[in-house]
Amino acid sequence: MAQSVLLTGAAGRVGTAILADLADEHEWRLMDRDPMTDDHPGEFVVADITDEEVVREAMDGVDVVIHLAGDPRPDAPWDSVLTNNIDGTQTIFEAAVDADVEKVVFASSNHAVGAYETEERTPDLYRAHDDYLLDGTELPRPSNLYGVSKAAGESIGRYYHDEFGLSVACVRIGNLTEGHPPIDYERGQAMWLSYRDCAHLFDRCIRADYEFEIVYGISDNDRKYYSIERAKEALGYEPQDNSARHD
Ligand SMILES: NC(=O)C1=CN([C@@H]2O[C@H](COP(=O)(O)OP(=O)(O)OC[C@H]3O[C@@H](n4cnc5c(N)ncnc54)[C@H](O)[C@@H]3O)[C@@H](O)[C@H]2O)C=CC1
Ligand SMILES: O=C1O[C@H](COP(=O)(O)O)[C@@H](O)[C@H](O)[C@H]1O
């Protein structure tokens, strides 16, 4: 069934991948602080997610929020991630609860657990023969302040689920690259997320029933060190791509 979805950070790469395949699948309200130049479905709200009043207005009548807006740079400074990723995310969750939204899908990151990639484990970790797997039940172990902000976003989601019953899915996105897996970059190939698998995964987050989930958002790569079993079980994710089988 089509849902009414608020998509924050709609003008960015992940938003573009989602809308490329799902524009006609749901009723969209898009939000970004930068205007979108391409054709897009639904209404576009140019706003900063830290603007509480505008965010509250944008939640009206919404079933699901996909929250992508934030500073995506692994080397982003603390003042930026504190404002855009932590404060902005809390504003989104608070407004979602007040507006009786059913689900919030939060764009978390591989960098929330990047410090599991220790010197002893790498580079074997990135290779198909290695059987080390993170499955989403491990504690966060951020590799930078950006990763700290994503771990904080997951905790904010956990709080709003436990306290207010909001359904929350945190997707630890790997490396979204359009058209082909990253070239000459083993880590990126291990955590590649193709555009079509990205759209499908977020569609499953919109449609599935769940309480609180942390899943990895990668394609079905031979090299993977992130398990996709929970995304399959809880959300019905069925990825089609694999960085080892790409021409
Ligand atoms: N692209 C990837 O491979 C990965 C992305 N992610 C996460 O997914 C989300 C989207 O990432 P991308 O699309 O790659 O980044 P992007 O930079 O292409 O898109 C982010 C969008 O959010 C908007 N934005 C940023 N701060 C905002 C604010 N305060 N208010 C309103 N809009 C704001 C920007 O204008 C931009 O259009 C981010 O939260 C990022 O951390 C996580 C892991 C991997
Ligand atoms: O969270 C993110 O992760 C991806 C992959 O990380 P990288 O360090 O291997 O590049 C990154 O491309 C993206 O910008 C970031 O938001």
# chains A, B, ... in the order shown; residues from 1 in each chain; ligands from 1

$ residues_near_ligand --ligand "ligand 2" --cutoff "8 Å" --atoms "only C-alpha atoms and all ligand atoms" --output "PyMOL selection string"
chain A and resi 71-74+108-111+146-147+173-176+187-188+191

$ write_last_selection --atoms "N, CA and C atoms" --output "compact mmCIF listing (two decimals), in the first residue's frame"
# COMPACT_ATOMS: atom_id res chain seq x y z
N ASP A 71 25.10 15.98 7.84
CA ASP A 71 26.45 16.13 7.27
C ASP A 71 27.01 14.73 7.06
N PRO A 72 27.24 14.31 5.79
CA PRO A 72 27.66 12.92 5.53
C PRO A 72 29.18 12.73 5.52
N ARG A 73 29.94 13.75 5.82
CA ARG A 73 31.40 13.65 5.68
C ARG A 73 32.03 12.91 6.85
N PRO A 74 32.76 11.82 6.56
CA PRO A 74 33.42 11.10 7.66
C PRO A 74 34.36 11.99 8.47
N SER A 108 21.72 5.73 9.32
CA SER A 108 22.95 5.60 10.10
C SER A 108 24.08 5.23 9.12
N SER A 109 25.21 4.85 9.66
CA SER A 109 26.37 4.68 8.79
C SER A 109 27.31 3.58 9.28
N ASN A 110 28.03 3.03 8.32
CA ASN A 110 29.16 2.12 8.61
C ASN A 110 30.14 2.75 9.60
N HIS A 111 30.23 4.09 9.59
CA HIS A 111 31.20 4.74 10.48
C HIS A 111 30.79 4.70 11.95
N TYR A 146 31.88 11.94 13.10
CA TYR A 146 30.68 11.68 12.29
C TYR A 146 30.04 10.36 12.73
N GLY A 147 30.86 9.33 12.93
CA GLY A 147 30.34 8.03 13.40
C GLY A 147 29.71 8.16 14.79
N ILE A 173 24.14 2.41 6.51
CA ILE A 173 24.43 2.39 5.07
C ILE A 173 25.93 2.20 4.87
N GLY A 174 26.27 1.37 3.87
CA GLY A 174 27.67 1.13 3.54
C GLY A 174 28.19 2.22 2.61
N ASN A 175 28.50 1.84 1.39
CA ASN A 175 29.05 2.80 0.42
C ASN A 175 28.13 2.82 -0.81
N LEU A 176 27.28 3.83 -0.88
CA LEU A 176 26.37 3.97 -2.02
C LEU A 176 27.15 4.55 -3.19
N ARG A 187 37.54 -1.91 0.77
CA ARG A 187 36.55 -1.62 1.82
C ARG A 187 35.23 -1.19 1.19
N GLY A 188 35.31 -0.34 0.19
CA GLY A 188 34.10 0.14 -0.48
C GLY A 188 33.38 -0.97 -1.22
N MET A 191 31.37 -3.08 1.21
CA MET A 191 30.14 -2.46 1.75
C MET A 191 29.36 -1.70 0.67

$ residues_near_ligand --ligand "ligand 1" --cutoff "7 Å" --atoms "only C-alpha atoms and all ligand atoms" --output "number ranges by chain"
A: 8-15, 31-34, 47-50, 68-72, 84, 88, 107-110, 172-177

$ write_last_selection --atoms "N, CA and C atoms" --output "short mmCIF file (atom, residue, chain, number, x, y, z; two decimals), in the first residue's frame"
data_model
loop_
_atom_site.label_atom_id
_atom_site.label_comp_id
_atom_site.auth_asym_id
_atom_site.auth_seq_id
_atom_site.Cartn_x
_atom_site.Cartn_y
_atom_site.Cartn_z
N THR A 8 13.64 13.56 4.28
CA THR A 8 14.57 14.68 4.53
C THR A 8 15.90 14.39 3.81
N GLY A 9 16.58 15.45 3.42
CA GLY A 9 17.83 15.26 2.67
C GLY A 9 17.58 14.73 1.28
N ALA A 10 16.39 15.06 0.75
CA ALA A 10 15.92 14.48 -0.51
C ALA A 10 16.81 14.83 -1.71
N ALA A 11 17.51 15.97 -1.64
CA ALA A 11 18.30 16.41 -2.79
C ALA A 11 19.65 15.71 -2.90
N GLY A 12 20.00 14.91 -1.90
CA GLY A 12 21.31 14.27 -1.90
C GLY A 12 21.36 12.95 -2.64
N ARG A 13 22.48 12.25 -2.48
CA ARG A 13 22.71 11.00 -3.24
C ARG A 13 21.75 9.88 -2.84
N VAL A 14 21.59 9.68 -1.54
CA VAL A 14 20.69 8.59 -1.10
C VAL A 14 19.25 8.93 -1.50
N GLY A 15 18.87 10.19 -1.31
CA GLY A 15 17.53 10.61 -1.70
C GLY A 15 17.29 10.41 -3.19
N MET A 31 12.05 17.26 1.72
CA MET A 31 12.63 18.39 2.46
C MET A 31 14.14 18.39 2.30
N ASP A 32 14.68 19.58 2.07
CA ASP A 32 16.14 19.74 2.02
C ASP A 32 16.42 21.23 2.18
N ARG A 33 17.60 21.55 2.69
CA ARG A 33 17.92 22.98 2.79
C ARG A 33 18.36 23.53 1.44
N ASP A 34 18.75 22.63 0.53
CA ASP A 34 19.05 23.04 -0.84
C ASP A 34 17.88 22.70 -1.75
N ALA A 47 13.98 23.76 3.61
CA ALA A 47 14.09 24.09 5.04
C ALA A 47 15.25 23.35 5.67
N ASP A 48 15.71 23.92 6.77
CA ASP A 48 16.73 23.26 7.57
C ASP A 48 16.03 22.40 8.63
N ILE A 49 16.53 21.20 8.84
CA ILE A 49 15.85 20.30 9.79
C ILE A 49 15.95 20.78 11.24
N THR A 50 16.80 21.75 11.49
CA THR A 50 16.85 22.30 12.86
C THR A 50 15.79 23.38 13.07
N LEU A 68 17.24 11.39 6.13
CA LEU A 68 18.58 11.32 5.54
C LEU A 68 19.40 12.59 5.79
N ALA A 69 18.73 13.71 6.01
CA ALA A 69 19.44 14.99 6.06
C ALA A 69 20.51 14.98 7.14
N GLY A 70 21.66 15.49 6.80
CA GLY A 70 22.74 15.55 7.77
C GLY A 70 24.06 15.79 7.05
N ASP A 71 25.10 15.98 7.84
CA ASP A 71 26.45 16.13 7.27
C ASP A 71 27.01 14.73 7.06
N PRO A 72 27.24 14.31 5.79
CA PRO A 72 27.66 12.92 5.53
C PRO A 72 29.18 12.73 5.52
N ASN A 84 23.74 19.43 12.79
CA ASN A 84 22.98 18.81 11.69
C ASN A 84 22.57 17.38 11.98
N GLY A 88 19.57 18.00 14.84
CA GLY A 88 18.57 17.86 13.75
C GLY A 88 17.79 16.57 13.85
N ALA A 107 18.96 7.21 8.62
CA ALA A 107 20.17 6.88 7.86
C ALA A 107 21.37 6.91 8.78
N SER A 108 21.72 5.73 9.32
CA SER A 108 22.95 5.60 10.10
C SER A 108 24.08 5.23 9.12
N SER A 109 25.21 4.85 9.66
CA SER A 109 26.37 4.68 8.79
C SER A 109 27.31 3.58 9.28
N ASN A 110 28.03 3.03 8.32
CA ASN A 110 29.16 2.12 8.61
C ASN A 110 30.14 2.75 9.60
N ARG A 172 22.40 1.14 8.76
CA ARG A 172 23.82 1.48 8.70
C ARG A 172 24.27 1.32 7.25
N ILE A 173 24.14 2.41 6.51
CA ILE A 173 24.43 2.39 5.07
C ILE A 173 25.93 2.20 4.87
N GLY A 174 26.27 1.37 3.87
CA GLY A 174 27.67 1.13 3.54
C GLY A 174 28.19 2.22 2.61
N ASN A 175 28.50 1.84 1.39
CA ASN A 175 29.05 2.80 0.42
C ASN A 175 28.13 2.82 -0.81
N LEU A 176 27.28 3.83 -0.88
CA LEU A 176 26.37 3.97 -2.02
C LEU A 176 27.15 4.55 -3.19
N THR A 177 27.25 3.79 -4.26
CA THR A 177 27.94 4.28 -5.45
C THR A 177 27.10 3.92 -6.66
#

$ residues_around --residues "Pro142 in chain A" --least-positions-apart "4" --cutoff "6 Å" --atoms "only C-alpha atoms" --output "list in words"
His111, Ala112, Val113, Gly114, Ala115, Gly147 and Val148 of chain A

$ write_last_selection --atoms "N, CA and C atoms" --output "PDB file, in the first residue's frame"
ATOM      1  N   HIS A 111      30.230   4.085   9.588  1.00  0.00           N
ATOM      2  CA  HIS A 111      31.201   4.740  10.477  1.00  0.00           C
ATOM      3  C   HIS A 111      30.788   4.700  11.948  1.00  0.00           C
ATOM      4  N   ALA A 112      29.535   4.287  12.226  1.00  0.00           N
ATOM      5  CA  ALA A 112      29.121   4.088  13.630  1.00  0.00           C
ATOM      6  C   ALA A 112      29.830   2.877  14.226  1.00  0.00           C
ATOM      7  N   VAL A 113      30.333   1.997  13.358  1.00  0.00           N
ATOM      8  CA  VAL A 113      31.025   0.780  13.812  1.00  0.00           C
ATOM      9  C   VAL A 113      32.403   0.627  13.146  1.00  0.00           C
ATOM     10  N   GLY A 114      32.922   1.730  12.626  1.00  0.00           N
ATOM     11  CA  GLY A 114      34.166   1.675  11.836  1.00  0.00           C
ATOM     12  C   GLY A 114      35.375   1.205  12.626  1.00  0.00           C
ATOM     13  N   ALA A 115      35.370   1.392  13.943  1.00  0.00           N
ATOM     14  CA  ALA A 115      36.556   1.030  14.728  1.00  0.00           C
ATOM     15  C   ALA A 115      36.674  -0.469  14.982  1.00  0.00           C
ATOM     16  N   GLY A 147      30.859   9.327  12.933  1.00  0.00           N
ATOM     17  CA  GLY A 147      30.336   8.033  13.402  1.00  0.00           C
ATOM     18  C   GLY A 147      29.710   8.157  14.790  1.00  0.00           C
ATOM     19  N   VAL A 148      30.308   8.996  15.637  1.00  0.00           N
ATOM     20  CA  VAL A 148      29.715   9.243  16.961  1.00  0.00           C
ATOM     21  C   VAL A 148      28.312   9.826  16.783  1.00  0.00           C
TER      22      VAL A 148
END

$ atom_distance --atom1 "CA of Val54 in chain A" --atom2 "CA of Asp39 in chain A"
22.7 Å

$ residues_around --residues "Gly217 in chain A" --least-positions-apart "3" --cutoff "12 Å" --atoms "only C-alpha atoms" --output "PyMOL selection string"
chain A and resi 14+106-110+135-136+169-176+190-202+204-205+214+220-221+224-232+235+237-239

$ write_last_selection --atoms "N, CA and C atoms" --output "CSV table (one decimal), in the first residue's frame"
chain,number,residue,atom,x,y,z
A,14,VAL,N,21.6,9.7,-1.5
A,14,VAL,CA,20.7,8.6,-1.1
A,14,VAL,C,19.2,8.9,-1.5
A,106,PHE,N,16.0,5.9,9.9
A,106,PHE,CA,17.1,6.8,10.2
A,106,PHE,C,18.4,6.3,9.4
A,107,ALA,N,19.0,7.2,8.6
A,107,ALA,CA,20.2,6.9,7.9
A,107,ALA,C,21.4,6.9,8.8
A,108,SER,N,21.7,5.7,9.3
A,108,SER,CA,22.9,5.6,10.1
A,108,SER,C,24.1,5.2,9.1
A,109,SER,N,25.2,4.8,9.7
A,109,SER,CA,26.4,4.7,8.8
A,109,SER,C,27.3,3.6,9.3
A,110,ASN,N,28.0,3.0,8.3
A,110,ASN,CA,29.2,2.1,8.6
A,110,ASN,C,30.1,2.8,9.6
A,135,ASP,N,26.7,-8.0,12.9
A,135,ASP,CA,25.3,-8.3,12.6
A,135,ASP,C,24.3,-7.3,13.1
A,136,GLY,N,24.8,-6.2,13.7
A,136,GLY,CA,23.8,-5.1,14.1
A,136,GLY,C,23.5,-5.2,15.6
A,169,ALA,N,13.6,2.2,12.3
A,169,ALA,CA,14.6,1.3,11.6
A,169,ALA,C,15.9,2.2,11.4
A,170,CYS,N,17.0,1.8,11.9
A,170,CYS,CA,18.3,2.5,11.6
A,170,CYS,C,19.0,1.6,10.6
A,171,VAL,N,19.3,2.3,9.5
A,171,VAL,CA,20.0,1.6,8.4
A,171,VAL,C,21.5,2.0,8.4
A,172,ARG,N,22.4,1.1,8.8
A,172,ARG,CA,23.8,1.5,8.7
A,172,ARG,C,24.3,1.3,7.3
A,173,ILE,N,24.1,2.4,6.5
A,173,ILE,CA,24.4,2.4,5.1
A,173,ILE,C,25.9,2.2,4.9
A,174,GLY,N,26.3,1.4,3.9
A,174,GLY,CA,27.7,1.1,3.5
A,174,GLY,C,28.2,2.2,2.6
A,175,ASN,N,28.5,1.8,1.4
A,175,ASN,CA,29.0,2.8,0.4
A,175,ASN,C,28.1,2.8,-0.8
A,176,LEU,N,27.3,3.8,-0.9
A,176,LEU,CA,26.4,4.0,-2.0
A,176,LEU,C,27.2,4.6,-3.2
A,190,ALA,N,33.4,-4.1,-0.3
A,190,ALA,CA,32.8,-5.0,0.7
A,190,ALA,C,31.5,-4.4,1.2
A,191,MET,N,31.4,-3.1,1.2
A,191,MET,CA,30.1,-2.5,1.7
A,191,MET,C,29.4,-1.7,0.7
A,192,TRP,N,29.6,-2.1,-0.6
A,192,TRP,CA,28.9,-1.4,-1.7
A,192,TRP,C,27.3,-1.6,-1.5
A,193,LEU,N,26.6,-0.5,-1.8
A,193,LEU,CA,25.2,-0.5,-1.8
A,193,LEU,C,24.8,0.1,-3.2
A,194,SER,N,24.2,-0.8,-4.1
A,194,SER,CA,23.9,-0.2,-5.4
A,194,SER,C,22.6,0.6,-5.3
A,195,TYR,N,22.4,1.5,-6.3
A,195,TYR,CA,21.2,2.4,-6.2
A,195,TYR,C,19.9,1.6,-6.1
A,196,ARG,N,19.8,0.5,-6.9
A,196,ARG,CA,18.5,-0.2,-6.9
A,196,ARG,C,18.3,-1.0,-5.6
A,197,ASP,N,19.4,-1.5,-5.0
A,197,ASP,CA,19.2,-2.2,-3.7
A,197,ASP,C,18.9,-1.1,-2.6
A,198,CYS,N,19.5,0.1,-2.8
A,198,CYS,CA,19.2,1.1,-1.8
A,198,CYS,C,17.7,1.5,-1.8
A,199,ALA,N,17.2,1.7,-3.0
A,199,ALA,CA,15.7,2.0,-3.1
A,199,ALA,C,14.9,0.9,-2.6
A,200,HIS,N,15.2,-0.3,-2.9
A,200,HIS,CA,14.4,-1.5,-2.5
A,200,HIS,C,14.5,-1.6,-0.9
A,201,LEU,N,15.7,-1.4,-0.4
A,201,LEU,CA,15.8,-1.5,1.1
A,201,LEU,C,14.9,-0.4,1.8
A,202,PHE,N,15.0,0.8,1.3
A,202,PHE,CA,14.2,1.8,2.0
A,202,PHE,C,12.7,1.6,1.7
A,204,ARG,N,11.3,-1.3,1.7
A,204,ARG,CA,11.0,-2.3,2.7
A,204,ARG,C,10.9,-1.7,4.1
A,205,CYS,N,11.7,-0.7,4.3
A,205,CYS,CA,11.6,0.0,5.6
A,205,CYS,C,10.3,0.8,5.7
A,214,ILE,N,18.2,-2.3,13.9
A,214,ILE,CA,19.4,-1.8,13.3
A,214,ILE,C,19.8,-2.8,12.3
A,220,ASP,N,24.4,-7.6,-1.7
A,220,ASP,CA,24.8,-9.0,-1.3
A,220,ASP,C,26.2,-9.3,-1.8
A,221,ASN,N,27.2,-8.5,-1.3
A,221,ASN,CA,28.5,-8.6,-1.8
A,221,ASN,C,29.2,-9.9,-1.2
A,224,LYS,N,31.4,-9.3,1.9
A,224,LYS,CA,30.8,-8.6,3.0
A,224,LYS,C,31.4,-9.0,4.4
A,225,TYR,N,31.5,-7.9,5.3
A,225,TYR,CA,31.7,-8.2,6.7
A,225,TYR,C,30.6,-7.6,7.6
A,226,TYR,N,29.5,-7.2,6.9
A,226,TYR,CA,28.3,-6.8,7.5
A,226,TYR,C,27.2,-7.9,7.1
A,227,SER,N,26.6,-8.4,8.1
A,227,SER,CA,25.5,-9.4,7.8
A,227,SER,C,24.3,-8.6,7.3
A,228,ILE,N,23.6,-9.2,6.3
A,228,ILE,CA,22.3,-8.6,5.8
A,228,ILE,C,21.2,-9.5,6.2
A,229,GLU,N,21.4,-10.5,7.1
A,229,GLU,CA,20.4,-11.5,7.5
A,229,GLU,C,19.2,-10.7,8.2
A,230,ARG,N,19.6,-9.8,9.1
A,230,ARG,CA,18.5,-9.1,9.9
A,230,ARG,C,17.6,-8.3,8.9
A,231,ALA,N,18.3,-7.6,8.0
A,231,ALA,CA,17.5,-6.8,7.0
A,231,ALA,C,16.6,-7.7,6.2
A,232,LYS,N,17.0,-9.0,5.9
A,232,LYS,CA,16.2,-9.9,5.2
A,232,LYS,C,15.0,-10.4,6.1
A,235,LEU,N,12.8,-7.1,7.5
A,235,LEU,CA,12.3,-6.1,6.6
A,235,LEU,C,11.8,-6.8,5.3
A,237,TYR,N,14.2,-7.7,3.0
A,237,TYR,CA,15.1,-7.2,2.0
A,237,TYR,C,15.6,-8.3,1.1
A,238,GLU,N,15.6,-8.1,-0.2
A,238,GLU,CA,16.1,-9.1,-1.2
A,238,GLU,C,17.0,-8.4,-2.2
A,239,PRO,N,18.3,-8.2,-1.8
A,239,PRO,CA,19.2,-7.4,-2.7
A,239,PRO,C,19.4,-8.2,-4.0

$ closest_residue --among "A:Ala58, A:Ile183, A:Val5, A:Ala96" --to "Ser243 in chain A" --atoms "only C-alpha atoms"
A:Ile183

$ closest_residue --among "A:Leu166, A:Leu30, A:Met59, A:Met1" --to "Tyr210 in chain A" --atoms "only C-alpha atoms"
A:Leu166

$ atom_distance --atom1 "CA of Glu120 in chain A" --atom2 "CA of Leu145 in chain A"
22.6 Å

$ residues_around --residues "Val64 in chain A" --least-positions-apart "2" --cutoff "8 Å" --atoms "only C-alpha atoms" --output "list in words"
Gln3, Ser4, Val5, Leu6, Val62, Ile66, Val101, Glu102, Lys103, Val104, Val105 and Ile206 of chain A

$ atom_distance --atom1 "CA of Arg29 in chain A" --atom2 "CA of Gly42 in chain A"
5.5 Å
